[in-house]
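Chemist: Below is data-v9.csv; it holds CSV, N, CA and C atoms.
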chain,number,residue,atom,x,y,z
L,1,ARG,N,0.8,-1.2,0.0
L,1,ARG,CA,0.0,0.0,0.0
L,1,ARG,C,0.8,1.3,0.0
L,2,ILE,N,2.1,1.2,0.5
L,2,ILE,CA,2.9,2.4,0.6
L,2,ILE,C,4.0,2.4,-0.4
L,3,ALA,N,4.1,1.4,-1.2
L,3,ALA,CA,5.3,1.3,-2.1
L,3,ALA,C,5.5,2.5,-3.0
L,4,HIS,N,4.5,3.2,-3.3
L,4,HIS,CA,4.6,4.4,-4.2
L,4,HIS,C,5.0,5.7,-3.4
L,5,LEU,N,4.9,5.7,-2.1
L,5,LEU,CA,5.1,6.9,-1.3
L,5,LEU,C,6.6,7.1,-1.1
L,6,PRO,N,7.1,8.3,-1.1
L,6,PRO,CA,8.5,8.5,-0.8
L,6,PRO,C,8.8,8.3,0.7
L,7,GLY,N,9.9,7.9,1.0
L,7,GLY,CA,10.3,7.6,2.3
L,7,GLY,C,11.8,7.5,2.5
L,8,ALA,N,12.3,7.4,3.7
L,8,ALA,CA,13.7,7.2,3.9
L,8,ALA,C,13.9,6.1,5.0
L,9,ILE,N,14.9,5.3,4.7
L,9,ILE,CA,15.3,4.2,5.6
L,9,ILE,C,16.7,4.5,6.0
L,10,VAL,N,17.0,4.9,7.2
L,10,VAL,CA,18.4,5.2,7.7
L,10,VAL,C,18.8,4.0,8.6
L,11,GLN,N,19.8,3.3,8.2
L,11,GLN,CA,20.2,2.1,8.8
L,11,GLN,C,21.7,2.1,9.2
L,12,GLY,N,22.0,1.8,10.4
L,12,GLY,CA,23.4,1.6,10.9
L,12,GLY,C,23.9,0.2,10.5
L,13,ARG,N,25.1,0.2,9.9
L,13,ARG,CA,25.7,-1.0,9.5
L,13,ARG,C,25.9,-2.0,10.7
L,14,TYR,N,26.2,-1.5,11.9
L,14,TYR,CA,26.5,-2.3,13.0
L,14,TYR,C,25.3,-2.5,13.9
L,15,ASP,N,24.1,-2.2,13.5
L,15,ASP,CA,22.9,-2.4,14.3
L,15,ASP,C,22.6,-3.9,14.5
L,16,VAL,N,22.7,-4.3,15.7
L,16,VAL,CA,22.4,-5.7,16.0
L,16,VAL,C,20.9,-5.9,16.5
L,17,VAL,N,20.2,-4.8,16.8
L,17,VAL,CA,18.8,-4.9,17.1
L,17,VAL,C,18.0,-5.1,15.9
L,18,CYS,N,18.2,-4.2,14.9
L,18,CYS,CA,17.6,-4.3,13.6
L,18,CYS,C,18.6,-4.5,12.5
L,19,PRO,N,18.9,-5.8,12.2
L,19,PRO,CA,20.0,-6.1,11.2
L,19,PRO,C,19.8,-5.4,9.9
L,20,ALA,N,20.9,-5.1,9.2
L,20,ALA,CA,20.9,-4.4,7.9
L,20,ALA,C,20.0,-5.1,6.9
L,21,ARG,N,20.0,-6.4,7.0
L,21,ARG,CA,19.2,-7.2,6.1
L,21,ARG,C,17.7,-6.8,6.2
L,22,SER,N,17.2,-6.5,7.4
L,22,SER,CA,15.9,-6.0,7.5
L,22,SER,C,15.6,-4.7,6.7
L,23,ALA,N,16.5,-3.8,6.8
L,23,ALA,CA,16.4,-2.6,6.0
L,23,ALA,C,16.4,-2.8,4.5
L,24,PHE,N,17.3,-3.7,4.1
L,24,PHE,CA,17.4,-4.1,2.7
L,24,PHE,C,16.1,-4.7,2.2
L,25,ASP,N,15.6,-5.7,3.0
L,25,ASP,CA,14.3,-6.3,2.7
L,25,ASP,C,13.1,-5.3,2.6
L,26,LEU,N,13.1,-4.4,3.5
L,26,LEU,CA,12.1,-3.4,3.5
L,26,LEU,C,12.2,-2.5,2.3
L,27,HIS,N,13.4,-2.1,1.9
L,27,HIS,CA,13.6,-1.3,0.7
L,27,HIS,C,13.2,-2.0,-0.5
L,28,GLN,N,13.4,-3.3,-0.6
L,28,GLN,CA,13.0,-4.1,-1.8
L,28,GLN,C,11.4,-4.0,-1.9
L,29,ARG,N,10.7,-3.9,-0.8
L,29,ARG,CA,9.3,-3.9,-0.9
L,29,ARG,C,8.7,-2.5,-0.9
L,30,TRP,N,9.6,-1.5,-0.7
L,30,TRP,CA,9.2,-0.1,-0.6
L,30,TRP,C,10.2,0.7,-1.6
L,31,PRO,N,10.1,0.5,-2.9
L,31,PRO,CA,11.1,1.0,-3.8
L,31,PRO,C,11.1,2.6,-3.8
L,32,ALA,N,10.1,3.3,-3.4
L,32,ALA,CA,10.1,4.7,-3.4
L,32,ALA,C,10.9,5.3,-2.3
L,33,ALA,N,11.2,4.5,-1.3
L,33,ALA,CA,12.0,4.9,-0.2
L,33,ALA,C,13.5,4.9,-0.5
L,34,ARG,N,14.2,5.8,0.0
L,34,ARG,CA,15.7,5.9,-0.2
L,34,ARG,C,16.3,5.2,1.0
L,35,LEU,N,17.2,4.2,0.7
L,35,LEU,CA,17.9,3.5,1.7
L,35,LEU,C,19.3,4.1,1.9
L,36,VAL,N,19.5,4.5,3.2
L,36,VAL,CA,20.8,5.1,3.6
L,36,VAL,C,21.5,4.2,4.6
L,37,MET,N,22.6,3.6,4.2
L,37,MET,CA,23.4,2.8,5.1
L,37,MET,C,24.5,3.6,5.7
L,38,VAL,N,24.5,3.7,7.0
L,38,VAL,CA,25.5,4.5,7.7
L,38,VAL,C,26.6,3.5,8.2
L,39,GLY,N,27.7,3.6,7.5
L,39,GLY,CA,28.8,2.7,7.7
L,39,GLY,C,29.4,2.6,9.1
L,40,ASP,N,29.4,3.6,9.9
L,40,ASP,CA,30.0,3.6,11.2
L,40,ASP,C,29.0,3.8,12.3
L,41,ALA,N,27.8,3.2,12.2
L,41,ALA,CA,26.8,3.4,13.2
L,41,ALA,C,26.1,2.1,13.5
L,42,GLY,N,25.5,2.1,14.7
L,42,GLY,CA,24.7,1.0,15.1
L,42,GLY,C,23.2,1.3,15.2
L,43,HIS,N,22.6,1.1,16.3
L,43,HIS,CA,21.2,1.3,16.4
L,43,HIS,C,20.8,2.7,17.0
L,44,SER,N,21.7,3.3,17.7
L,44,SER,CA,21.3,4.5,18.5
L,44,SER,C,21.1,5.7,17.6
L,45,ILE,N,20.0,6.4,17.9
L,45,ILE,CA,19.6,7.6,17.2
L,45,ILE,C,20.6,8.8,17.5
L,46,SER,N,21.4,8.6,18.6
L,46,SER,CA,22.3,9.7,19.0
L,46,SER,C,23.7,9.5,18.3
L,47,GLU,N,23.9,8.5,17.5
L,47,GLU,CA,25.2,8.4,16.8
L,47,GLU,C,25.2,9.4,15.7
L,48,PRO,N,26.4,10.1,15.5
L,48,PRO,CA,26.5,11.2,14.5
L,48,PRO,C,26.0,10.8,13.1
L,49,GLY,N,26.4,9.6,12.6
L,49,GLY,CA,26.0,9.2,11.3
L,49,GLY,C,24.5,9.0,11.1
L,50,ILE,N,23.9,8.5,12.2
L,50,ILE,CA,22.4,8.3,12.1
L,50,ILE,C,21.7,9.7,12.2
L,51,ILE,N,22.2,10.6,13.0
L,51,ILE,CA,21.7,11.9,13.1
L,51,ILE,C,21.8,12.6,11.7
L,52,ASP,N,23.0,12.5,11.1
L,52,ASP,CA,23.2,13.2,9.8
L,52,ASP,C,22.2,12.6,8.8
L,53,GLY,N,22.0,11.3,8.8
L,53,GLY,CA,21.2,10.7,7.8
L,53,GLY,C,19.7,11.1,8.0
L,54,LEU,N,19.3,11.1,9.2
L,54,LEU,CA,17.9,11.5,9.5
L,54,LEU,C,17.6,13.0,9.2
L,55,VAL,N,18.6,13.9,9.5
L,55,VAL,CA,18.4,15.3,9.2
L,55,VAL,C,18.4,15.5,7.7
L,56,ALA,N,19.3,14.8,7.0
L,56,ALA,CA,19.3,14.9,5.5
L,56,ALA,C,18.0,14.4,4.9
L,57,ALA,N,17.5,13.4,5.4
L,57,ALA,CA,16.2,12.8,4.9
L,57,ALA,C,15.1,13.8,5.2
L,58,THR,N,15.0,14.4,6.4
L,58,THR,CA,13.9,15.3,6.6
L,58,THR,C,14.1,16.6,5.9
L,59,ASP,N,15.3,17.1,5.7
L,59,ASP,CA,15.6,18.2,4.9
L,59,ASP,C,15.1,18.0,3.4
L,60,ALA,N,15.4,16.8,2.9
L,60,ALA,CA,15.0,16.5,1.5
L,60,ALA,C,13.5,16.5,1.4
L,61,PHE,N,12.8,16.0,2.4
L,61,PHE,CA,11.3,16.1,2.3
L,61,PHE,C,10.8,17.5,2.4
L,62,ALA,N,11.5,18.4,3.2
L,62,ALA,CA,11.1,19.7,3.4
L,62,ALA,C,11.3,20.5,2.1
L,63,GLU,N,12.3,20.2,1.4
L,63,GLU,CA,12.6,20.9,0.1
L,63,GLU,C,11.7,20.5,-1.0
L,64,GLY,N,11.0,19.3,-0.8
L,64,GLY,CA,10.0,18.8,-1.7
L,64,GLY,C,10.6,18.2,-2.9
Spit out the file's structure as structure tokens when you get a sec.

Modeler:
Amino acid sequence: RIAHLPGAIVQGRYDVVCPARSAFDLHQRWPAARLVMVGDAGHSISEPGIIDGLVAATDAFAEG
């Protein structure tokens, strides 16, 4: 139902709570979403790479 809607999936490479495979599988089913793999991050939203990815994603939506 949401495959056509734009979205962003920001995933830390070292996330053991939500493995990278889960983000990849979600992206395969949600092709309009942009998948961002953060190479030096895990699960925490407070990690610099995750913050940067989330801010970039929300900025892109704001810019339209």

Chemist: Based on DSSP run over this structure's backbone, return all residues of chain L in strand (DSSP E), as a ChimeraX atom specification.

Modeler: /L:7-12,33-38

Chemist: Have a look at L:Asp15, L:Trp30, L:Asp52, L:Ala23 and name the one nearest to Ala3 of chain L; count all atoms listed in the file.

Modeler: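 The closest residue to Ala3 of chain L is L:Trp30.
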
Chemist: With DSSP run on the backbone, what are the alpha helix (DSSP H) residues within chain L? I'd like them as a PyMOL selection string.

Modeler: chain L and resi 20-29+48-63

Chemist: Can you measure atom N of Tyr14 of chain L to atom C of Ala60 of chain L for me? One decimal in Å is fine.

Modeler: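 So the two atoms, atom N of Tyr14 of chain L and atom C of Ala60 of chain L, lie 24.4 Å apart.
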
Chemist: Kindly indicate which residue among L:Phe24, L:His43, L:Leu35, L:Arg29 lies nearest to Gly12 of chain L, using only C-alpha atoms for the distances.

Modeler: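 Nearest candidate to Gly12 of chain L out of L:Phe24, L:His43, L:Leu35, L:Arg29: L:His43.
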
Chemist: So which residues touch Ala57 of chain L within 8 Å, counting only N, CA and C atoms, skipping near sequence neighbours fewer than 4 positions away, as a ChimeraX atom specification?

Modeler: /L:7-9,51-53,61-63

Chemist: Considering only N, CA and C atoms, return as a VMD selection string whatever protein or nucleic-acid residues lie within 8 Å of Gly42 of chain L, sequence-local ones (same chain, fewer than 6 positions apart) excluded.

Modeler: chain L and resid 11 to 18 49 to 50

Chemist: Mind writing the picked residues with N, CA and C atoms as a JSON list (two decimals), in the coordinates of the input?

Modeler:
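This went into selection.json:
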[["chain", "number", "residue", "atom", "x", "y", "z"],
["L", 11, "GLN", "N", 19.80, 3.30, 8.20],
["L", 11, "GLN", "CA", 20.20, 2.10, 8.80],
["L", 11, "GLN", "C", 21.70, 2.10, 9.20],
["L", 12, "GLY", "N", 22.00, 1.80, 10.40],
["L", 12, "GLY", "CA", 23.40, 1.60, 10.90],
["L", 12, "GLY", "C", 23.90, 0.20, 10.50],
["L", 13, "ARG", "N", 25.10, 0.20, 9.90],
["L", 13, "ARG", "CA", 25.70, -1.00, 9.50],
["L", 13, "ARG", "C", 25.90, -2.00, 10.70],
["L", 14, "TYR", "N", 26.20, -1.50, 11.90],
["L", 14, "TYR", "CA", 26.50, -2.30, 13.00],
["L", 14, "TYR", "C", 25.30, -2.50, 13.90],
["L", 15, "ASP", "N", 24.10, -2.20, 13.50],
["L", 15, "ASP", "CA", 22.90, -2.40, 14.30],
["L", 15, "ASP", "C", 22.60, -3.90, 14.50],
["L", 16, "VAL", "N", 22.70, -4.30, 15.70],
["L", 16, "VAL", "CA", 22.40, -5.70, 16.00],
["L", 16, "VAL", "C", 20.90, -5.90, 16.50],
["L", 17, "VAL", "N", 20.20, -4.80, 16.80],
["L", 17, "VAL", "CA", 18.80, -4.90, 17.10],
["L", 17, "VAL", "C", 18.00, -5.10, 15.90],
["L", 18, "CYS", "N", 18.20, -4.20, 14.90],
["L", 18, "CYS", "CA", 17.60, -4.30, 13.60],
["L", 18, "CYS", "C", 18.60, -4.50, 12.50],
["L", 49, "GLY", "N", 26.40, 9.60, 12.60],
["L", 49, "GLY", "CA", 26.00, 9.20, 11.30],
["L", 49, "GLY", "C", 24.50, 9.00, 11.10],
["L", 50, "ILE", "N", 23.90, 8.50, 12.20],
["L", 50, "ILE", "CA", 22.40, 8.30, 12.10],
["L", 50, "ILE", "C", 21.70, 9.70, 12.20]]

Chemist: Would you mind reading off the distance between atom CA of Leu5 of chain L and atom CA of Asp40 of chain L, one decimal, in Å?

Modeler: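 The value is 28.1 Å.
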
Chemist: Rounded to one decimal in Å, what is the spacing between atom CA of Ser22 of chain L and atom CA of Asp59 of chain L?

Modeler: 24.3 Å

Chemist: Taking only C-alpha atoms into account, which of L:Val55, L:Glu47, L:Met37, L:Pro31 comes nearest Arg1 of chain L?

Modeler: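 Nearest to Arg1 of chain L: L:Pro31.
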
Chemist: With 5 Å of padding per side, what axis-aligned box (centre and edge lengths, Å, one decimal) covers all the listed atoms of segment 39-45 of chain L? Give it as lines of an AutoDock Vina configuration file.

Modeler:
center_x = 24.8
center_y = 4.9
center_z = 13.0
size_x = 20.4
size_y = 17.8
size_z = 21.0

Chemist: With N, CA, C and O atoms as the target, complete segment 13-38 of chain L and hand it back as a short mmCIF file (atom, residue, chain, number, x, y, z; two decimals), in the coordinates of the input.

Modeler:
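Here's the written file out_33.cif:
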data_model
loop_
_atom_site.label_atom_id
_atom_site.label_comp_id
_atom_site.auth_asym_id
_atom_site.auth_seq_id
_atom_site.Cartn_x
_atom_site.Cartn_y
_atom_site.Cartn_z
N ARG L 13 25.10 0.20 9.90
CA ARG L 13 25.70 -1.00 9.50
C ARG L 13 25.90 -2.00 10.70
O ARG L 13 25.78 -3.21 10.51
N TYR L 14 26.20 -1.50 11.90
CA TYR L 14 26.50 -2.30 13.00
C TYR L 14 25.30 -2.50 13.90
O TYR L 14 25.48 -2.87 15.09
N ASP L 15 24.10 -2.20 13.50
CA ASP L 15 22.90 -2.40 14.30
C ASP L 15 22.60 -3.90 14.50
O ASP L 15 22.35 -4.59 13.53
N VAL L 16 22.70 -4.30 15.70
CA VAL L 16 22.40 -5.70 16.00
C VAL L 16 20.90 -5.90 16.50
O VAL L 16 20.44 -7.02 16.52
N VAL L 17 20.20 -4.80 16.80
CA VAL L 17 18.80 -4.90 17.10
C VAL L 17 18.00 -5.10 15.90
O VAL L 17 17.07 -5.91 15.82
N CYS L 18 18.20 -4.20 14.90
CA CYS L 18 17.60 -4.30 13.60
C CYS L 18 18.60 -4.50 12.50
O CYS L 18 19.23 -3.58 12.03
N PRO L 19 18.90 -5.80 12.20
CA PRO L 19 20.00 -6.10 11.20
C PRO L 19 19.80 -5.40 9.90
O PRO L 19 18.69 -5.10 9.42
N ALA L 20 20.90 -5.10 9.20
CA ALA L 20 20.90 -4.40 7.90
C ALA L 20 20.00 -5.10 6.90
O ALA L 20 19.42 -4.53 6.05
N ARG L 21 20.00 -6.40 7.00
CA ARG L 21 19.20 -7.20 6.10
C ARG L 21 17.70 -6.80 6.20
O ARG L 21 17.00 -6.82 5.16
N SER L 22 17.20 -6.50 7.40
CA SER L 22 15.90 -6.00 7.50
C SER L 22 15.60 -4.70 6.70
O SER L 22 14.56 -4.61 6.07
N ALA L 23 16.50 -3.80 6.80
CA ALA L 23 16.40 -2.60 6.00
C ALA L 23 16.40 -2.80 4.50
O ALA L 23 15.66 -2.25 3.78
N PHE L 24 17.30 -3.70 4.10
CA PHE L 24 17.40 -4.10 2.70
C PHE L 24 16.10 -4.70 2.20
O PHE L 24 15.55 -4.38 1.17
N ASP L 25 15.60 -5.70 3.00
CA ASP L 25 14.30 -6.30 2.70
C ASP L 25 13.10 -5.30 2.60
O ASP L 25 12.31 -5.37 1.68
N LEU L 26 13.10 -4.40 3.50
CA LEU L 26 12.10 -3.40 3.50
C LEU L 26 12.20 -2.50 2.30
O LEU L 26 11.20 -2.20 1.61
N HIS L 27 13.40 -2.10 1.90
CA HIS L 27 13.60 -1.30 0.70
C HIS L 27 13.20 -2.00 -0.50
O HIS L 27 12.69 -1.41 -1.45
N GLN L 28 13.40 -3.30 -0.60
CA GLN L 28 13.00 -4.10 -1.80
C GLN L 28 11.40 -4.00 -1.90
O GLN L 28 10.93 -4.03 -3.04
N ARG L 29 10.70 -3.90 -0.80
CA ARG L 29 9.30 -3.90 -0.90
C ARG L 29 8.70 -2.50 -0.90
O ARG L 29 7.55 -2.24 -1.08
N TRP L 30 9.60 -1.50 -0.70
CA TRP L 30 9.20 -0.10 -0.60
C TRP L 30 10.20 0.70 -1.60
O TRP L 30 11.08 1.43 -1.09
N PRO L 31 10.10 0.50 -2.90
CA PRO L 31 11.10 1.00 -3.80
C PRO L 31 11.10 2.60 -3.80
O PRO L 31 12.16 3.13 -4.24
N ALA L 32 10.10 3.30 -3.40
CA ALA L 32 10.10 4.70 -3.40
C ALA L 32 10.90 5.30 -2.30
O ALA L 32 11.19 6.48 -2.24
N ALA L 33 11.20 4.50 -1.30
CA ALA L 33 12.00 4.90 -0.20
C ALA L 33 13.50 4.90 -0.50
O ALA L 33 13.98 4.01 -1.24
N ARG L 34 14.20 5.80 0.00
CA ARG L 34 15.70 5.90 -0.20
C ARG L 34 16.30 5.20 1.00
O ARG L 34 16.02 5.43 2.14
N LEU L 35 17.20 4.20 0.70
CA LEU L 35 17.90 3.50 1.70
C LEU L 35 19.30 4.10 1.90
O LEU L 35 20.08 4.29 0.99
N VAL L 36 19.50 4.50 3.20
CA VAL L 36 20.80 5.10 3.60
C VAL L 36 21.50 4.20 4.60
O VAL L 36 20.96 3.95 5.64
N MET L 37 22.60 3.60 4.20
CA MET L 37 23.40 2.80 5.10
C MET L 37 24.50 3.60 5.70
O MET L 37 25.32 4.19 5.00
N VAL L 38 24.50 3.70 7.00
CA VAL L 38 25.50 4.50 7.70
C VAL L 38 26.60 3.50 8.20
O VAL L 38 26.37 2.63 9.02
#
